[in-house]
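Trainee: Handing you this structure, nothing more for now.
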Amino acid sequence: MSTRQIQEEIIDEFSILGGDRESTIFYIMELGEKLPELEESAKVEENIIKGCQSKVWLVTEYQDGKVVFNADSNTAITKGLISLLIRVLNEKTPDEIINTELFFIDKIGMRQLVGSQRSNGLTAMIKQMKMYALAYKAKFSN
Amino acid sequence: MIDIKYIREQFPAIHQEVNGFPLIYFDNAATSQKPKEVIDALNAYYEGYNSNVHRGAHTLAAKATDAFEDTRESVRAFLGAKHIEEIIFTKGTTESINLVAYSFGRKFINEGDEIIISGMEHHSNIVPWQILCEEKGAKLNVIPVKGNGELDYEVYESLVSEKTKLVAVAYVSNSLGTINDVKRIIAKAKSVNAKVLLDGAQSSPHCQINVAEMDCDFYAFSGHKVYGPTGIGALYGKKEILEAMPPFLGGGEMIKEVTFAKTTFNDLPYKFEAGTPNIGDTVALKNAIDFVNRVGKEEIAAYELELLEYATDQMKQIAGIKLVGTAAEKVGVISFLMDGVHHFDLGMMLDARGIAIRTGHHCTQPLMSSFGIDGTARVSFAVYNTKEEVDVLVEVLQKISDRFVAKTSKVV
């Protein structure tokens with residue numbers, strides 16, 4: 001599936017919640033619970049995304065020209081948010097990741113939902129994921 | 001008896017919907033909402049007699065000065081100080097403590113001296129003393145906090161020695177709600193002639209305060225936690241100590257005469273009030289104190305205690321909830337955790353139902369570390385809260401517990 005298709009799928013899922021704040025938060029937390037936990041050894045300072053109020057660890061691998069993301073957080077909502085980002089950007093080429101416009105975030109009203117502090121954290125997560133894609137592109141493009 | 005209907009009518013901000021639900025404001029230890037008379041007083045000042053105090057030879061300036069000084073008298077009575085010049089207006093508790101650290105501390109704390117604080121202090125009552133101790137080569141001792149959130153008084157008493165020059169502790173813990181035995185703390189400090197500063201940010205809204213009777217040397221408080229405006233508070237200091245202290249900030253108001261050769265400083269309390277003060281908020285603080293006096297401090301305390309017990313009893317029953325701080329003497333503050341649910345997430349889920357609480361370390365990181373946690377969810381009551389609001393909180397917490405607390409912990 002393209003990143004566009006995955007984003008449309010997410011928008012559809014969230015539309016079922018009808019914009020109800022409580023149900024949306026519960027749903028995001030459940031998504032977070034489903035994200036596989038990172039090994040404790042990966043939860044180290046250098047994997048922490050700076051700029052998030054909660055602790056978020058992000059690790060990546062480069063396999064067959066695609067970036068594989070794994071992440072974890074100490075709070076379920078943040079874990080849910082990054083699980084959505086991973087769902088869209090996982091196992092895509094660096095170019096796809098760099099060029100993907102994450103329109104689903106505004107469509108499902110995520111920024112209003114999480115408030116300004118967590119919204120900054122969300123921006124930090126996206127930036128970090130795109131930075132990894134850029135780094136892999138630079139490293140392997142020749 | 002509290003006339004809750006009357007009281008709720010006084011607070012415009014609590015009558016609104018948040019996220020489609022009636023607001024339940026349980027973040028009162030952070031700041032309380034303001035009664036209409038406080039908001040009206042702010043408007044009346046800015047619309048009617050905004051003017052600089054203590055200097056203008058005109059009617060508005062005289063009116064502003066009178067109102068400003070009326071609040072000082074009101075704060076004096078509220079805190080039980082003997083003399084009006086013992087009340088210094090500040091931005092709030094933090095500035096009050098810093099004033100003492102900079103002025104009293106720079107003059108009277110020397111190398112080898114010791115200052116005692118407690119393990120449950122707000123950062124505002126830690127950092128100024130750390131800075132001072134580092135500068136002076138003094139030592140900072142910390143009274144440990146027991147598992148139930150009470151201070152270990154025996155250790156405190158063993159820490160006090162001839163070297164102790166100052167004991168600076170919170171009357172009431174902002175994170176746990178513990179009411180500390182300040183009588184005992186002061187008595188021991190006095191036995192070695194150490195001065196005592198009480199951080200009164202959290203006690204002022206809930207406890208009967210009488211600084212003269214308690215015999216503390218300094219008492220710091222914030223207006224915004226007692227239904228007053230933000231940005232205004234006070235430092236109480238014993239007259240003879242304040243007189244011996246050098247000025248804190250230099251500028252207008254705090255001087256008697258300035259020449260380039262020498263400046264003589266003004267008398268108390270103006271010596272410590274450099275620059276144009278926060279007149280509007282000071283004026284309106286009187287109305288907040290009037291409100292508290294009218295409702296009655298004892299009545300407010302009894303009512304909040306009732307809410308505390310009502311909420312504590314029910315919250316204890318919810319699977320996965322662990323209360324942090326179970327001291328015998330508490331104000332209406334409940335800090336808690338829920339197994340497997342981070343306090344940030346709890347805060348967001350409650351907010352989705354219109355319930356405002358505080359989450360995080362509450363500016364008491366050393367206390368949180370001593371409990372081995374990075375923060376808590378904190379519910380804190382004010383006089384306008386109700387048992388019905390507690391019922392909604394309990395219902396929502398139960399729902400969150402049912403959904404997210406691991407099955408294993410339910411069995412226990």
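FYI, nothing fancy with the structure tokens labels: chains A, B, ... in order, residues from 1 per chain, ligands from 1 as they appear.
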If we count only C-alpha atoms, which residues of chain B reach to within 7 Å of chain A? Please list them as a list in words.

Mentor: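 Putting it all together, I get His342, Phe344, Asp345, Met349, Ala352 and Arg353 of chain B.
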
Trainee: Keeping C-alpha atoms for every residue in the selection just given, could you write it to a file as a PDB file, in the first residue's frame?

Mentor:
ATOM      1  CA  HIS B 342       0.940   6.706  32.752  1.00  0.00           C
ATOM      2  CA  PHE B 344       0.096  11.917  31.425  1.00  0.00           C
ATOM      3  CA  ASP B 345      -2.406   9.562  29.794  1.00  0.00           C
ATOM      4  CA  MET B 349      -8.384  10.863  29.516  1.00  0.00           C
ATOM      5  CA  ALA B 352     -11.624  14.390  27.626  1.00  0.00           C
ATOM      6  CA  ARG B 353     -14.405  14.231  30.228  1.00  0.00           C
TER       7      ARG B 353
END

Trainee: Tell me which protein, DNA and RNA residues are within 12 Å of Ser141 in chain A, counting only C-alpha atoms, leaving out same-chain ones fewer than 6 positions away, and put them as a list in words.

Mentor: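 With the cut-off at 12 Å, the set is Gly65, Thr93, Pro94, Asp95, Ala133, Leu134 and Ala135 of chain A.
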
Trainee: Print the selection's residues with N, CA and C atoms to a file, as an mmCIF file, in the first residue's frame.

Mentor:
data_model
loop_
_atom_site.group_PDB
_atom_site.id
_atom_site.type_symbol
_atom_site.label_atom_id
_atom_site.label_comp_id
_atom_site.auth_asym_id
_atom_site.auth_seq_id
_atom_site.Cartn_x
_atom_site.Cartn_y
_atom_site.Cartn_z
ATOM 1 N N GLY A 65 16.827 -1.499 0.908
ATOM 2 C CA GLY A 65 16.487 -0.169 0.404
ATOM 3 C C GLY A 65 15.308 0.481 1.112
ATOM 4 N N THR A 93 10.812 3.434 1.145
ATOM 5 C CA THR A 93 12.150 3.896 0.758
ATOM 6 C C THR A 93 12.388 5.277 1.375
ATOM 7 N N PRO A 94 13.655 5.646 1.539
ATOM 8 C CA PRO A 94 13.932 6.985 2.076
ATOM 9 C C PRO A 94 13.213 8.080 1.298
ATOM 10 N N ASP A 95 13.186 7.968 -0.022
ATOM 11 C CA ASP A 95 12.504 9.005 -0.817
ATOM 12 C C ASP A 95 11.014 9.091 -0.500
ATOM 13 N N ALA A 133 15.511 8.885 7.423
ATOM 14 C CA ALA A 133 15.370 8.585 6.000
ATOM 15 C C ALA A 133 16.419 9.345 5.190
ATOM 16 N N LEU A 134 16.602 10.597 5.546
ATOM 17 C CA LEU A 134 17.612 11.427 4.858
ATOM 18 C C LEU A 134 19.012 10.856 5.039
ATOM 19 N N ALA A 135 19.271 10.432 6.279
ATOM 20 C CA ALA A 135 20.598 9.901 6.580
ATOM 21 C C ALA A 135 20.876 8.626 5.773
#

Trainee: Using only C-alpha atoms, can you tell me which of A:Lys50, A:Phe104, A:Ala71, A:Gly32 comes closest to Glu13 in chain A?

Mentor: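 Smallest separation from Glu13 in chain A among the options: A:Phe104.
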
Trainee: Find the residues near Met368 in chain B: any atom within 10 Å, counting only C-alpha atoms, skip ones fewer than 6 places away on the same chain, and give them as a list in words.

Mentor: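 So the residues in contact are Gly119, Met120, Ser175, Val324, Gly360, His361, His362, Asp374, Gly375 and Thr376 of chain B.
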
Trainee: Counting only C-alpha atoms, what is within 9 Å of Pro229 in chain B, bar same-chain residues fewer than 2 positions away, as a VMD selection string?

Mentor: chain B and resid 33 to 34 38 to 39 42 223 to 227 231 to 232 281 to 282 284 to 285 288

Trainee: List the neighbours of range 394-404 of chain B out to 7 Å using only C-alpha atoms; skip same-chain residues closer than 2 positions along the sequence, and give me the result as a PyMOL selection string.

Mentor: chain B and resi 314-315+318-320+341+390-392+406

Trainee: Restricting it to all heavy atoms, dump the selection as a compact mmCIF listing (two decimals), in the first residue's frame.

Mentor:
# COMPACT_ATOMS: atom_id res chain seq x y z
N GLN B 314 -13.30 6.32 48.03
CA GLN B 314 -13.76 5.69 46.80
C GLN B 314 -12.61 5.36 45.86
O GLN B 314 -12.61 4.31 45.21
CB GLN B 314 -14.75 6.60 46.08
CG GLN B 314 -16.04 6.79 46.87
CD GLN B 314 -17.02 7.60 46.08
OE1 GLN B 314 -17.63 7.10 45.14
NE2 GLN B 314 -17.16 8.86 46.42
N MET B 315 -11.65 6.26 45.79
CA MET B 315 -10.53 6.02 44.86
C MET B 315 -9.72 4.80 45.28
O MET B 315 -9.20 4.07 44.44
CB MET B 315 -9.65 7.28 44.76
CG MET B 315 -10.32 8.35 43.89
SD MET B 315 -9.48 9.94 43.98
CE MET B 315 -7.91 9.56 43.21
N ILE B 318 -10.70 1.49 43.67
CA ILE B 318 -10.57 1.25 42.23
C ILE B 318 -9.31 0.42 41.95
O ILE B 318 -8.23 0.75 42.44
CB ILE B 318 -10.53 2.59 41.47
CG1 ILE B 318 -11.84 3.36 41.69
CG2 ILE B 318 -10.28 2.38 39.98
CD1 ILE B 318 -11.82 4.79 41.19
N ALA B 319 -9.50 -0.65 41.17
CA ALA B 319 -8.37 -1.54 40.88
C ALA B 319 -7.24 -0.77 40.21
O ALA B 319 -7.47 -0.02 39.27
CB ALA B 319 -8.84 -2.68 39.97
N GLY B 320 -6.04 -0.99 40.71
CA GLY B 320 -4.86 -0.39 40.08
C GLY B 320 -4.48 0.96 40.64
O GLY B 320 -3.39 1.46 40.36
N VAL B 341 -0.98 2.63 33.64
CA VAL B 341 -1.49 3.81 32.92
C VAL B 341 -0.64 5.01 33.35
O VAL B 341 -0.64 5.38 34.52
CB VAL B 341 -2.97 4.08 33.23
CG1 VAL B 341 -3.49 5.24 32.39
CG2 VAL B 341 -3.82 2.84 32.98
N VAL B 390 -16.85 14.72 42.54
CA VAL B 390 -16.01 13.57 42.93
C VAL B 390 -16.60 12.29 42.35
O VAL B 390 -15.88 11.43 41.84
CB VAL B 390 -15.89 13.48 44.47
CG1 VAL B 390 -15.19 12.18 44.88
CG2 VAL B 390 -15.14 14.67 45.03
N ASP B 391 -17.93 12.18 42.39
CA ASP B 391 -18.58 10.99 41.83
C ASP B 391 -18.24 10.81 40.36
O ASP B 391 -17.99 9.69 39.91
CB ASP B 391 -20.11 11.08 41.99
CG ASP B 391 -20.55 10.95 43.45
OD1 ASP B 391 -19.75 10.41 44.25
OD2 ASP B 391 -21.66 11.40 43.77
N VAL B 392 -18.23 11.90 39.61
CA VAL B 392 -17.90 11.81 38.18
C VAL B 392 -16.45 11.36 38.02
O VAL B 392 -16.14 10.48 37.22
CB VAL B 392 -18.13 13.16 37.46
CG1 VAL B 392 -17.73 13.05 35.98
CG2 VAL B 392 -19.59 13.59 37.57
N ALA B 406 -4.15 -3.89 34.02
CA ALA B 406 -3.91 -5.29 33.65
C ALA B 406 -4.73 -6.23 34.53
O ALA B 406 -4.91 -5.99 35.71
CB ALA B 406 -2.42 -5.59 33.80

Trainee: Rounded to one decimal in Å, what is the spacing between CA of Asn90 in chain A and CA of Val67 in chain A?

Mentor: 6.4 Å

Trainee: Could you find all residues in chain A that DSSP calls strand (DSSP E) from the backbone, and write them as a list of chain:residue names?

Mentor: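 Those in chain A that DSSP calls strand (DSSP E) are A:Val56, A:Trp57, A:Leu58, A:Val59, A:Thr60, A:Glu61, A:Tyr62, A:Gln63, A:Lys66, A:Val67, A:Val68, A:Phe69, A:Asn70, A:Ala71, A:Asp72, A:Ser73.
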
Trainee: Any chance you could export the current selection's N, CA, C and O atoms as a compact mmCIF listing (two decimals), in the first residue's frame?

Mentor:
# COMPACT_ATOMS: atom_id res chain seq x y z
N VAL A 56 10.24 8.87 24.37
CA VAL A 56 9.99 8.12 23.14
C VAL A 56 11.33 7.64 22.61
O VAL A 56 12.24 8.44 22.41
N TRP A 57 11.42 6.32 22.42
CA TRP A 57 12.64 5.75 21.84
C TRP A 57 12.32 5.31 20.41
O TRP A 57 11.29 4.66 20.18
N LEU A 58 13.21 5.66 19.50
CA LEU A 58 13.00 5.27 18.10
C LEU A 58 14.27 4.60 17.59
O LEU A 58 15.36 5.17 17.72
N VAL A 59 14.11 3.40 17.04
CA VAL A 59 15.27 2.72 16.43
C VAL A 59 14.92 2.36 14.98
O VAL A 59 13.74 2.14 14.66
N THR A 60 15.94 2.35 14.15
CA THR A 60 15.69 2.08 12.73
C THR A 60 16.69 1.06 12.19
O THR A 60 17.77 0.88 12.74
N GLU A 61 16.26 0.44 11.12
CA GLU A 61 17.17 -0.44 10.37
C GLU A 61 16.96 -0.13 8.90
O GLU A 61 15.90 0.36 8.51
N TYR A 62 17.96 -0.47 8.10
CA TYR A 62 17.83 -0.27 6.66
C TYR A 62 17.90 -1.64 6.01
O TYR A 62 18.91 -2.34 6.10
N GLN A 63 16.79 -2.07 5.42
CA GLN A 63 16.72 -3.41 4.83
C GLN A 63 16.21 -3.32 3.40
O GLN A 63 15.11 -2.81 3.17
N LYS A 66 14.85 -0.17 2.19
CA LYS A 66 13.71 0.40 2.93
C LYS A 66 14.05 0.61 4.40
O LYS A 66 14.90 -0.09 4.95
N VAL A 67 13.36 1.57 5.01
CA VAL A 67 13.64 1.89 6.41
C VAL A 67 12.61 1.17 7.30
O VAL A 67 11.40 1.27 7.06
N VAL A 68 13.13 0.46 8.29
CA VAL A 68 12.25 -0.22 9.24
C VAL A 68 12.31 0.54 10.57
O VAL A 68 13.38 0.80 11.10
N PHE A 69 11.13 0.93 11.04
CA PHE A 69 11.07 1.70 12.30
C PHE A 69 10.52 0.83 13.42
O PHE A 69 9.57 0.07 13.23
N ASN A 70 11.12 0.99 14.60
CA ASN A 70 10.54 0.42 15.83
C ASN A 70 10.61 1.50 16.90
O ASN A 70 11.58 2.24 16.96
N ALA A 71 9.56 1.56 17.71
CA ALA A 71 9.53 2.64 18.71
C ALA A 71 8.83 2.18 19.97
O ALA A 71 8.12 1.17 19.98
N ASP A 72 9.04 2.94 21.01
CA ASP A 72 8.37 2.65 22.27
C ASP A 72 8.26 3.97 23.04
O ASP A 72 8.96 4.94 22.73
N SER A 73 7.38 3.99 24.01
CA SER A 73 7.24 5.19 24.83
C SER A 73 6.76 4.77 26.21
O SER A 73 6.18 3.69 26.37

Trainee: In Å, how far is it from CA of Glu73 in chain B to CA of Leu99 in chain B?

Mentor: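 CA of Leu99 in chain B lies at a distance of 20.8 Å from CA of Glu73 in chain B.
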
Trainee: Can you list, as JSON, numbers by chain, all residues belonging to range 126-339 of chain B that DSSP tags as helix (DSSP H, G or I)?

Mentor: {"B": [127, 128, 129, 130, 131, 132, 133, 134, 135, 136, 153, 154, 155, 156, 157, 158, 159, 182, 183, 184, 185, 186, 187, 188, 189, 190, 211, 212, 213, 214, 223, 224, 225, 226, 239, 240, 241, 242, 243, 244, 270, 271, 272, 279, 280, 281, 282, 283, 284, 285, 286, 287, 288, 289, 290, 291, 292, 293, 294, 295, 297, 298, 299, 300, 301, 302, 303, 304, 305, 306, 307, 308, 309, 310, 311, 312, 313, 314, 315, 316, 317]}

Trainee: Could you tell me which of B:Tyr171, B:Phe260, B:Tyr25, B:Phe381 comes closest to Cys216 in chain B if we count only C-alpha atoms?

Mentor: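 Nearest to Cys216 in chain B: B:Tyr171.
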